[in-house]
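Engineer: Let me give you the structure first, and then I'll get to my questions.
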Amino acid sequence: MERPDNRSYKLRGARATPAQEAAYVELWDRYGIVPNDILNLTEFFPTSKRIIMEIGTGMGEATAQIVKEDPETGFIAVEVHKPGIGALMNMASKNESENLRIIEEDAHLVLQHWIPDTSIDAIHLYFPDPWPKNPHKKRRIVQNPFLELIAPKLKEGGYIHIATDWFEYGTWIQGVFANSTLFTGGVIERPVFRPISKFEGQGIRKGHVVTDFRYFKN
Ligand SMILES: C[S@@+](CC[C@H](N)C(=O)[O-])C[C@H]1O[C@@H](n2cnc3c(N)ncnc32)[C@H](O)[C@@H]1O
């Protein structure tokens, strides 16, 4: 399977802690999905009222809380960072959450190959890597081809909710969506359901201002 040249993530060397490693191994069958064909998402969440995909769950603290607080929604977490996946599984298990499945893969590949059209109610994209240096900006996940990839996967009335603490990425996000006919939306107030993740906390301590965006599929 072909991986994108300009990956939107850093291949971090951080080792998993023993607890993360153990959770990953022990809880994989409960939470992990290894897709080899187009997925029937309702099979994982037969009673869920909505299905939300979160791209880039990081260390999973915010995700675990959102999943816990909203048991009527089925969540598909997509992340490439194994220690973070272990940490998320650990928290989800402690919370006895059953409305979560995790795919360990690049979200581009997941969307291209395994997610059926009009199957997702919303996408959460919280604090995507900002890639601040000019030569790296092509690695930003929010690009027109990404919009073309997600639009068909969303149901009618579906949306993407994005948060960033990187001011210039916020301007970039607005520019990408303004140049697309696929979505309509803009800046929204921070929703109360979105808790502060470790990553967001670090940004806030550096004086960064956090902006939330919501764009609905046209
Ligand atoms: C800056 S971190 C933010 C994590 C988390 N959302 C938070 O608020 O703490 C961005 C995360 O997105 C993941 N990521 C970036 N591009 C991705 C992709 N194409 N597919 C899956 N995960 C991705 C990275 O591995 C990283 O964990």
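Scheme for the structure tokens: letters A, B, ... for chains in order shown; per-chain residue numbers from 1; ligand numbers from 1 in order shown.
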Can you pull out the residues contacting Lys10 in chain A? Cut-off 12 Å, using only C-alpha atoms, and skip same-chain residues under 5 positions away; I want them as a VMD selection string.

Structural biologist: chain A and resid 56 58 79 to 81 106 128 to 131 136 139 to 140

Engineer: Wanna dump the chain A-ligand 1 contacts at 9 Å for me, each residue with its shortest atom pair and the distance in Å to one decimal, counting only C-alpha atoms and all ligand atoms, ordered by chain and number, as a tab-separated table?

Structural biologist:
```
residue	atom	partner	partner_atom_place_in_ligand_line	distance
A:Pro4	CA	ligand 1	19 (N)	8.7
A:Arg7	CA	ligand 1	19 (N)	6.5
A:Ser8	CA	ligand 1	16 (N)	4.2
A:Tyr9	CA	ligand 1	15 (C)	3.9
A:Lys10	CA	ligand 1	25 (O)	6.4
A:Leu11	CA	ligand 1	25 (O)	7.4
A:Arg12	CA	ligand 1	25 (O)	8.0
A:Glu54	CA	ligand 1	6 (N)	8.2
A:Ile55	CA	ligand 1	22 (N)	5.5
A:Gly56	CA	ligand 1	12 (O)	3.2
A:Thr57	CA	ligand 1	6 (N)	4.3
A:Gly58	CA	ligand 1	27 (O)	3.5
A:Met59	CA	ligand 1	9 (O)	6.1
A:Gly60	CA	ligand 1	5 (C)	6.6
A:Glu61	CA	ligand 1	9 (O)	7.4
A:Ala62	CA	ligand 1	8 (O)	6.8
A:Thr63	CA	ligand 1	6 (N)	7.8
A:Ala77	CA	ligand 1	21 (C)	8.7
A:Val78	CA	ligand 1	21 (C)	5.2
A:Glu79	CA	ligand 1	22 (N)	3.8
A:Val80	CA	ligand 1	22 (N)	4.9
A:His81	CA	ligand 1	25 (O)	5.0
A:Lys82	CA	ligand 1	25 (O)	8.7
A:Gly84	CA	ligand 1	27 (O)	7.1
A:Ile103	CA	ligand 1	21 (C)	8.7
A:Glu104	CA	ligand 1	21 (C)	7.5
A:Glu105	CA	ligand 1	21 (C)	5.9
A:Asp106	CA	ligand 1	20 (N)	3.6
A:Ala107	CA	ligand 1	20 (N)	3.7
A:His108	CA	ligand 1	19 (N)	5.6
A:Leu109	CA	ligand 1	19 (N)	8.1
A:Val110	CA	ligand 1	20 (N)	8.2
A:His124	CA	ligand 1	6 (N)	8.6
A:Leu125	CA	ligand 1	6 (N)	6.6
A:Tyr126	CA	ligand 1	6 (N)	4.3
A:Phe127	CA	ligand 1	3 (C)	4.7
A:Pro128	CA	ligand 1	10 (C)	4.6
A:Asp129	CA	ligand 1	1 (C)	4.4
A:Pro130	CA	ligand 1	1 (C)	7.4
A:Arg139	CA	ligand 1	16 (N)	8.8
A:Arg140	CA	ligand 1	16 (N)	8.2
A:Ile141	CA	ligand 1	16 (N)	6.6
A:Ala163	CA	ligand 1	8 (O)	8.3
A:Thr164	CA	ligand 1	8 (O)	8.7
A:Ile196	CA	ligand 1	8 (O)	7.5
A:Ser197	CA	ligand 1	9 (O)	4.7
A:Lys198	CA	ligand 1	9 (O)	5.6
A:Phe199	CA	ligand 1	9 (O)	4.2
A:Glu200	CA	ligand 1	8 (O)	5.7
A:Gly201	CA	ligand 1	9 (O)	8.6
```

Engineer: If you measure from CA of Asp29 in chain A to CA of Pro116 in chain A, what distance in Å do you get, rounded to one decimal?

Structural biologist: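 For CA of Asp29 in chain A relative to CA of Pro116 in chain A, the distance reads 22.3 Å.
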
Engineer: Quote the spacing between CA of Gly86 in chain A and CA of Ala122 in chain A in Å to one decimal place.

Structural biologist: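 Distance between the two atoms: 23.9 Å.
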
Engineer: Neighbours of Phe75 in chain A within 7 Å (only C-alpha atoms; same-chain residues fewer than 4 positions away dropped), as a list in words?

Structural biologist: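 Answer for this query is Ile51, Ile52, Met53, Val67, Asn99, Leu100 and Arg101 of chain A.
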
Engineer: List the spatial neighbours of Ser48 in chain A as a list in words - criterion: any atom at most 8 Å away, only C-alpha atoms, same-chain residues fewer than 6 positions off excluded.

Structural biologist: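 Returned residues: Thr42, Pro71, Glu72, Thr73, Gly74 and Asn99 of chain A.
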
Engineer: Just the selected residues (C-alpha atoms), exported as an mmCIF file, in the first residue's frame, please.

Structural biologist:
```cif
data_model
loop_
_atom_site.group_PDB
_atom_site.id
_atom_site.type_symbol
_atom_site.label_atom_id
_atom_site.label_comp_id
_atom_site.auth_asym_id
_atom_site.auth_seq_id
_atom_site.Cartn_x
_atom_site.Cartn_y
_atom_site.Cartn_z
ATOM 1 C CA THR A 42 -22.338 0.007 12.020
ATOM 2 C CA PRO A 71 -21.691 6.713 25.005
ATOM 3 C CA GLU A 72 -24.385 7.016 22.320
ATOM 4 C CA THR A 73 -21.775 7.887 19.692
ATOM 5 C CA GLY A 74 -19.384 5.373 18.142
ATOM 6 C CA ASN A 99 -18.049 2.849 21.910
#
```

Engineer: Considering only strand (DSSP E) as DSSP defines it on the backbone, what residues of range 45-200 of chain A qualify? List them as a PyMOL selection string.

Structural biologist: chain A and resi 50-55+73-79+100-104+120-126+154-164+183-188

Engineer: I'd like the contact shell of Ala178 in chain A - 12 Å cut-off, only C-alpha atoms, skipping same-chain residues fewer than 6 positions apart - returned as JSON, numbers by chain.

Structural biologist: {"A": [143, 144, 147, 171, 172, 184, 185, 186, 215]}

Engineer: With C-alpha atoms retained, export the selected residues as a PDB file, in the first residue's frame.

Structural biologist:
```pdb
ATOM      1  CA  GLN A 143      -4.964  20.607   2.175  1.00  0.00           C
ATOM      2  CA  ASN A 144      -7.407  20.550  -0.708  1.00  0.00           C
ATOM      3  CA  LEU A 147     -10.944  17.936   1.815  1.00  0.00           C
ATOM      4  CA  THR A 171      -5.220  31.298   8.771  1.00  0.00           C
ATOM      5  CA  TRP A 172      -4.079  28.484   6.468  1.00  0.00           C
ATOM      6  CA  THR A 184     -19.091  25.871   4.445  1.00  0.00           C
ATOM      7  CA  GLY A 185     -18.216  27.132   7.907  1.00  0.00           C
ATOM      8  CA  GLY A 186     -15.602  28.957   9.943  1.00  0.00           C
ATOM      9  CA  TYR A 215     -17.001  23.208   8.420  1.00  0.00           C
TER      10      TYR A 215
END
```

Engineer: For range 187-189 of chain A, please output as a PyMOL selection string all residues within 9 Å (counting only C-alpha atoms; exclusion window: fewer than 6 positions along the same chain).

Structural biologist: chain A and resi 174+211-215

Engineer: Could you write out that same residue set with C-alpha atoms as a compact mmCIF listing (two decimals), in the first residue's frame?

Structural biologist:
```txt
# COMPACT_ATOMS: atom_id res chain seq x y z
CA GLN A 174 -9.47 29.23 6.65
CA THR A 211 -9.18 28.47 17.78
CA ASP A 212 -11.93 25.98 16.92
CA PHE A 213 -13.40 25.68 13.42
CA ARG A 214 -16.39 23.77 12.12
CA TYR A 215 -17.00 23.21 8.42
```

Engineer: Just how far from CA of Ile115 in chain A is CA of Leu41 in chain A, in Å to one decimal?

Structural biologist: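 Going from CA of Leu41 in chain A over to CA of Ile115 in chain A covers 8.0 Å.
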
Engineer: Residues at most 12 Å from Pro145 in chain A, counting only C-alpha atoms, excluding those fewer than 6 positions away in the same chain, as a PyMOL selection string?

Structural biologist: chain A and resi 4+108+111-112+138-139+151-152+176-177+179-180+182

Engineer: Write the residues of the preceding selection, restricted to N, CA and C atoms, as a CSV table (one decimal), in the first residue's frame.

Structural biologist:
```csv
chain,number,residue,atom,x,y,z
A,4,PRO,N,1.7,8.2,1.7
A,4,PRO,CA,1.9,9.6,1.1
A,4,PRO,C,3.4,10.0,1.3
A,108,HIS,N,-4.9,9.1,5.8
A,108,HIS,CA,-5.2,9.2,4.4
A,108,HIS,C,-5.5,7.8,3.8
A,111,LEU,N,-8.9,6.5,5.0
A,111,LEU,CA,-10.1,7.1,4.3
A,111,LEU,C,-10.1,6.6,2.9
A,112,GLN,N,-9.0,6.5,2.2
A,112,GLN,CA,-8.9,6.0,0.8
A,112,GLN,C,-9.5,4.6,0.6
A,138,LYS,N,3.8,21.6,3.1
A,138,LYS,CA,3.1,20.6,2.3
A,138,LYS,C,2.7,19.4,3.1
A,139,ARG,N,3.3,19.2,4.3
A,139,ARG,CA,2.9,18.1,5.1
A,139,ARG,C,1.7,18.3,6.0
A,151,ALA,N,-14.8,14.7,2.2
A,151,ALA,CA,-16.2,15.1,1.9
A,151,ALA,C,-17.1,13.9,1.5
A,152,PRO,N,-16.6,13.0,0.7
A,152,PRO,CA,-17.6,11.9,0.3
A,152,PRO,C,-17.8,10.9,1.5
A,176,VAL,N,-7.7,27.3,3.0
A,176,VAL,CA,-8.0,26.1,2.3
A,176,VAL,C,-9.5,25.9,2.1
A,177,PHE,N,-10.2,26.1,3.2
A,177,PHE,CA,-11.7,25.9,3.1
A,177,PHE,C,-12.3,27.0,2.2
A,179,ASN,N,-11.2,28.3,-0.4
A,179,ASN,CA,-10.9,27.9,-1.8
A,179,ASN,C,-11.6,26.7,-2.2
A,180,SER,N,-12.4,26.1,-1.4
A,180,SER,CA,-13.1,24.8,-1.7
A,180,SER,C,-14.6,25.0,-1.7
A,182,LEU,N,-16.5,22.5,-1.3
A,182,LEU,CA,-17.0,21.3,-0.7
A,182,LEU,C,-17.6,21.5,0.7
```

Engineer: Considering only C-alpha atoms, can you say which of A:Phe45, A:Trp166, A:Phe146, A:Phe183 comes closest to Ile120 in chain A?

Structural biologist: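 Once distances to Ile120 in chain A are computed over only C-alpha atoms, the minimum belongs to A:Phe45.
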
Engineer: Taking the backbone alone, and naming residues the way the document does, which bits of range 39-201 of chain A are alpha helix (DSSP H) by DSSP, as a PyMOL selection string?

Structural biologist: chain A and resi 41-44+61-69+82-94+107-113+144-150+167-178+198-201
